[in-house]
Amino acid sequence: MKKVAIFPGTFDPFTMGHHDIVQRSLNLFDEVIIGIGYNSTKKNRYFDIDMMVEKIESVYADDSKVKVIVYNELTSTLAKKHGAKFLIRGLRNTTDFEYENTISQMNRYLNEELETVFLITSPEFAAISSTVIREVHRYGGEVNEFLPYPI
């Protein structure tokens, strides 16, 4: 049976840390779906979602195992629709674990076939966050070395 995983997030923007998680996930799964979701707690995106889809698709243009989709529903529901039995989450620190653990348990409650797989961020990417990248970019700083595509 094909092992399908979803890597959900707002990806505003998709960073080198996210790219690292996808690359490592490809060793574990037959297909990785990068799901760009709308987060109801975040009012407005900084980077346009259509542009982000294009940028991420350009990174994986030569890899048929990676798909990029946009969704606006529960991640557990999205997983059922795509036959995904796994969610991929990257952890930079213990704070990430506390947050992700709670979400993981709710997803499991909503979809008992769904397993969350936590991957520890590679050390060289642990300090990168989308929030920091947005702030640096907003004030004119150079961010391309933190992204797997040019802005």
# chains A, B, ... in the order shown; residues from 1 in each chain; ligands from 1
>>> residues_around(residues="Val59 of chain A", least_positions_apart="6", cutoff="10 Å", atoms="only C-alpha atoms", output="list in words")
His19, Val66, Pro148 and Tyr149 of chain A
>>> select_by_dssp(residues="segment 61-97 of chain A", states="strand (DSSP E)", output="list in words")
Val66, Lys67, Val68, Ile69, Val70, Tyr71, Phe86, Leu87, Ile88, Arg89, Gly90 and Leu91 of chain A
>>> closest_residue(among="A:Val4, A:Ser76, A:Asn27, A:Gly35", to="Met106 of chain A", atoms="only C-alpha atoms")
A:Ser76
>>> atom_distance(atom1="atom CA of Gln23 of chain A", atom2="atom CA of Asn72 of chain A")
24.8 Å
>>> residues_around(residues="Phe86 of chain A", least_positions_apart="2", cutoff="6 Å", atoms="only C-alpha atoms", output="mmCIF file with N, CA and C atoms, in the first residue's frame")
data_model
loop_
_atom_site.group_PDB
_atom_site.id
_atom_site.type_symbol
_atom_site.label_atom_id
_atom_site.label_comp_id
_atom_site.auth_asym_id
_atom_site.auth_seq_id
_atom_site.Cartn_x
_atom_site.Cartn_y
_atom_site.Cartn_z
ATOM 1 N N ALA A 5 1.821 10.937 2.971
ATOM 2 C CA ALA A 5 1.919 11.826 4.127
ATOM 3 C C ALA A 5 1.585 13.249 3.709
ATOM 4 N N ALA A 84 -4.197 9.812 3.022
ATOM 5 C CA ALA A 84 -2.961 9.960 3.793
ATOM 6 C C ALA A 84 -3.159 9.394 5.191
ATOM 7 N N LEU A 114 -4.843 8.242 11.545
ATOM 8 C CA LEU A 114 -3.821 9.243 11.248
ATOM 9 C C LEU A 114 -2.719 9.245 12.298
ATOM 10 N N GLU A 115 -1.497 9.016 11.857
ATOM 11 C CA GLU A 115 -0.321 9.068 12.731
ATOM 12 C C GLU A 115 0.471 10.326 12.415
ATOM 13 N N THR A 116 0.906 11.022 13.438
ATOM 14 C CA THR A 116 1.779 12.173 13.242
ATOM 15 C C THR A 116 3.220 11.723 13.430
#
>>> residues_around(residues="Asp20 of chain A", least_positions_apart="2", cutoff="12 Å", atoms="only C-alpha atoms", output="PyMOL selection string")
chain A and resi 7+14-18+22-27+59+88-91+119-126+128+146-148
>>> write_last_selection(atoms="C-alpha atoms", output="mmCIF file, in the first residue's frame")
data_model
loop_
_atom_site.group_PDB
_atom_site.id
_atom_site.type_symbol
_atom_site.label_atom_id
_atom_site.label_comp_id
_atom_site.auth_asym_id
_atom_site.auth_seq_id
_atom_site.Cartn_x
_atom_site.Cartn_y
_atom_site.Cartn_z
ATOM 1 C CA PHE A 7 3.035 18.159 5.555
ATOM 2 C CA PHE A 14 8.149 28.074 3.032
ATOM 3 C CA THR A 15 11.704 28.060 4.427
ATOM 4 C CA MET A 16 14.872 25.995 4.097
ATOM 5 C CA GLY A 17 13.805 24.299 7.339
ATOM 6 C CA HIS A 18 10.538 23.212 5.721
ATOM 7 C CA VAL A 22 10.257 17.464 3.018
ATOM 8 C CA GLN A 23 13.551 16.093 1.694
ATOM 9 C CA ARG A 24 13.957 13.822 4.696
ATOM 10 C CA SER A 25 10.306 12.743 4.509
ATOM 11 C CA LEU A 26 10.802 11.516 0.958
ATOM 12 C CA ASN A 27 12.990 8.742 2.418
ATOM 13 C CA VAL A 59 11.401 23.635 -5.921
ATOM 14 C CA ILE A 88 4.631 15.240 9.050
ATOM 15 C CA ARG A 89 5.645 17.886 11.556
ATOM 16 C CA GLY A 90 9.035 19.450 12.127
ATOM 17 C CA LEU A 91 10.175 20.248 15.647
ATOM 18 C CA LEU A 119 11.081 15.050 12.610
ATOM 19 C CA ILE A 120 13.641 17.024 14.553
ATOM 20 C CA THR A 121 14.860 19.998 12.548
ATOM 21 C CA SER A 122 18.428 19.736 11.298
ATOM 22 C CA PRO A 123 20.668 21.934 13.487
ATOM 23 C CA GLU A 124 21.577 24.350 10.706
ATOM 24 C CA PHE A 125 17.883 25.227 10.241
ATOM 25 C CA ALA A 126 16.724 25.280 13.874
ATOM 26 C CA ILE A 128 14.832 29.712 11.005
ATOM 27 C CA PHE A 146 16.826 31.043 4.206
ATOM 28 C CA LEU A 147 14.481 30.088 1.341
ATOM 29 C CA PRO A 148 14.816 27.291 -1.255
#
>>> residues_around(residues="segment 51-54 of chain A", least_positions_apart="2", cutoff="8 Å", atoms="only C-alpha atoms", output="ChimeraX atom specification")
/A:11-14,36,47-49,56-58,68-70
>>> residues_around(residues="Thr75 of chain A", least_positions_apart="3", cutoff="9 Å", atoms="only C-alpha atoms", output="PDB file with all heavy atoms, in the first residue's frame")
ATOM      1  N   ILE A   6       0.995  13.964   4.636  1.00  0.00           N
ATOM      2  CA  ILE A   6       0.717  15.382   4.424  1.00  0.00           C
ATOM      3  C   ILE A   6       1.617  16.189   5.343  1.00  0.00           C
ATOM      4  O   ILE A   6       1.752  15.871   6.525  1.00  0.00           O
ATOM      5  CB  ILE A   6      -0.765  15.721   4.704  1.00  0.00           C
ATOM      6  CG1 ILE A   6      -1.637  15.006   3.679  1.00  0.00           C
ATOM      7  CG2 ILE A   6      -0.995  17.231   4.674  1.00  0.00           C
ATOM      8  CD1 ILE A   6      -3.113  15.259   3.833  1.00  0.00           C
ATOM      9  N   PRO A   8       1.410  19.667   6.607  1.00  0.00           N
ATOM     10  CA  PRO A   8       0.543  20.842   6.636  1.00  0.00           C
ATOM     11  C   PRO A   8       1.217  22.055   7.275  1.00  0.00           C
ATOM     12  O   PRO A   8       2.085  21.923   8.135  1.00  0.00           O
ATOM     13  CB  PRO A   8      -0.623  20.369   7.503  1.00  0.00           C
ATOM     14  CG  PRO A   8       0.014  19.441   8.486  1.00  0.00           C
ATOM     15  CD  PRO A   8       1.144  18.770   7.732  1.00  0.00           C
ATOM     16  N   GLY A  35       0.592  20.717   2.212  1.00  0.00           N
ATOM     17  CA  GLY A  35      -0.724  21.328   2.305  1.00  0.00           C
ATOM     18  C   GLY A  35      -0.638  22.719   2.893  1.00  0.00           C
ATOM     19  O   GLY A  35      -0.324  22.881   4.070  1.00  0.00           O
ATOM     20  N   GLY A  37      -2.368  25.534   4.343  1.00  0.00           N
ATOM     21  CA  GLY A  37      -3.670  25.753   4.953  1.00  0.00           C
ATOM     22  C   GLY A  37      -3.886  27.188   5.363  1.00  0.00           C
ATOM     23  O   GLY A  37      -2.946  27.961   5.551  1.00  0.00           O
ATOM     24  N   TYR A  71      -5.601  24.253   1.123  1.00  0.00           N
ATOM     25  CA  TYR A  71      -6.829  23.733   1.727  1.00  0.00           C
ATOM     26  C   TYR A  71      -7.356  24.661   2.812  1.00  0.00           C
ATOM     27  O   TYR A  71      -6.617  25.449   3.376  1.00  0.00           O
ATOM     28  CB  TYR A  71      -6.614  22.315   2.270  1.00  0.00           C
ATOM     29  CG  TYR A  71      -5.766  22.204   3.520  1.00  0.00           C
ATOM     30  CD1 TYR A  71      -6.369  21.992   4.761  1.00  0.00           C
ATOM     31  CD2 TYR A  71      -4.380  22.281   3.479  1.00  0.00           C
ATOM     32  CE1 TYR A  71      -5.614  21.864   5.914  1.00  0.00           C
ATOM     33  CE2 TYR A  71      -3.620  22.151   4.623  1.00  0.00           C
ATOM     34  CZ  TYR A  71      -4.237  21.938   5.839  1.00  0.00           C
ATOM     35  OH  TYR A  71      -3.484  21.822   6.976  1.00  0.00           O
ATOM     36  N   ASN A  72      -8.663  24.534   3.035  1.00  0.00           N
ATOM     37  CA  ASN A  72      -9.335  25.340   4.043  1.00  0.00           C
ATOM     38  C   ASN A  72     -10.353  24.451   4.761  1.00  0.00           C
ATOM     39  O   ASN A  72     -11.563  24.597   4.587  1.00  0.00           O
ATOM     40  CB  ASN A  72     -10.009  26.546   3.392  1.00  0.00           C
ATOM     41  CG  ASN A  72     -10.487  27.553   4.414  1.00  0.00           C
ATOM     42  OD1 ASN A  72     -10.140  27.475   5.592  1.00  0.00           O
ATOM     43  ND2 ASN A  72     -11.295  28.501   3.975  1.00  0.00           N
ATOM     44  N   LEU A  78      -8.708  16.557   5.449  1.00  0.00           N
ATOM     45  CA  LEU A  78      -7.873  16.587   4.245  1.00  0.00           C
ATOM     46  C   LEU A  78      -7.145  15.260   4.073  1.00  0.00           C
ATOM     47  O   LEU A  78      -7.075  14.719   2.972  1.00  0.00           O
ATOM     48  CB  LEU A  78      -6.865  17.737   4.339  1.00  0.00           C
ATOM     49  CG  LEU A  78      -5.890  17.855   3.175  1.00  0.00           C
ATOM     50  CD1 LEU A  78      -6.596  18.428   1.952  1.00  0.00           C
ATOM     51  CD2 LEU A  78      -4.705  18.718   3.561  1.00  0.00           C
ATOM     52  N   ALA A  79      -6.614  14.723   5.163  1.00  0.00           N
ATOM     53  CA  ALA A  79      -5.883  13.455   5.106  1.00  0.00           C
ATOM     54  C   ALA A  79      -6.785  12.338   4.604  1.00  0.00           C
ATOM     55  O   ALA A  79      -6.381  11.534   3.744  1.00  0.00           O
ATOM     56  CB  ALA A  79      -5.307  13.118   6.480  1.00  0.00           C
ATOM     57  N   LYS A  80      -8.000  12.263   5.108  1.00  0.00           N
ATOM     58  CA  LYS A  80      -8.952  11.244   4.646  1.00  0.00           C
ATOM     59  C   LYS A  80      -9.204  11.372   3.147  1.00  0.00           C
ATOM     60  O   LYS A  80      -9.213  10.381   2.417  1.00  0.00           O
ATOM     61  CB  LYS A  80     -10.280  11.367   5.397  1.00  0.00           C
ATOM     62  CG  LYS A  80     -10.246  10.861   6.817  1.00  0.00           C
ATOM     63  CD  LYS A  80     -11.614  11.040   7.483  1.00  0.00           C
ATOM     64  CE  LYS A  80     -11.560  10.676   8.953  1.00  0.00           C
ATOM     65  NZ  LYS A  80     -12.842  10.919   9.630  1.00  0.00           N
ATOM     66  N   LEU A  87       0.825  12.436   9.063  1.00  0.00           N
ATOM     67  CA  LEU A  87       1.103  13.870   9.047  1.00  0.00           C
ATOM     68  C   LEU A  87       2.563  14.037   9.419  1.00  0.00           C
ATOM     69  O   LEU A  87       3.063  13.362  10.325  1.00  0.00           O
ATOM     70  CB  LEU A  87       0.250  14.621  10.075  1.00  0.00           C
ATOM     71  CG  LEU A  87      -1.238  14.721   9.838  1.00  0.00           C
ATOM     72  CD1 LEU A  87      -1.886  15.543  10.949  1.00  0.00           C
ATOM     73  CD2 LEU A  87      -1.537  15.344   8.486  1.00  0.00           C
ATOM     74  N   ASN A 107      -5.923  15.529  16.152  1.00  0.00           N
ATOM     75  CA  ASN A 107      -6.023  14.924  14.822  1.00  0.00           C
ATOM     76  C   ASN A 107      -6.291  13.429  14.923  1.00  0.00           C
ATOM     77  O   ASN A 107      -7.088  12.876  14.162  1.00  0.00           O
ATOM     78  CB  ASN A 107      -4.758  15.186  13.999  1.00  0.00           C
ATOM     79  CG  ASN A 107      -4.755  16.558  13.389  1.00  0.00           C
ATOM     80  OD1 ASN A 107      -5.785  17.073  12.963  1.00  0.00           O
ATOM     81  ND2 ASN A 107      -3.590  17.176  13.347  1.00  0.00           N
TER      82      ASN A 107
END
>>> closest_residue(among="A:Asn44, A:Ser64, A:Thr77, A:Asn93", to="Ser129 of chain A", atoms="only C-alpha atoms")
A:Asn93
>>> closest_residue(among="A:Glu98, A:Thr131, A:Arg92, A:Phe118", to="Arg45 of chain A", atoms="only C-alpha atoms")
A:Thr131
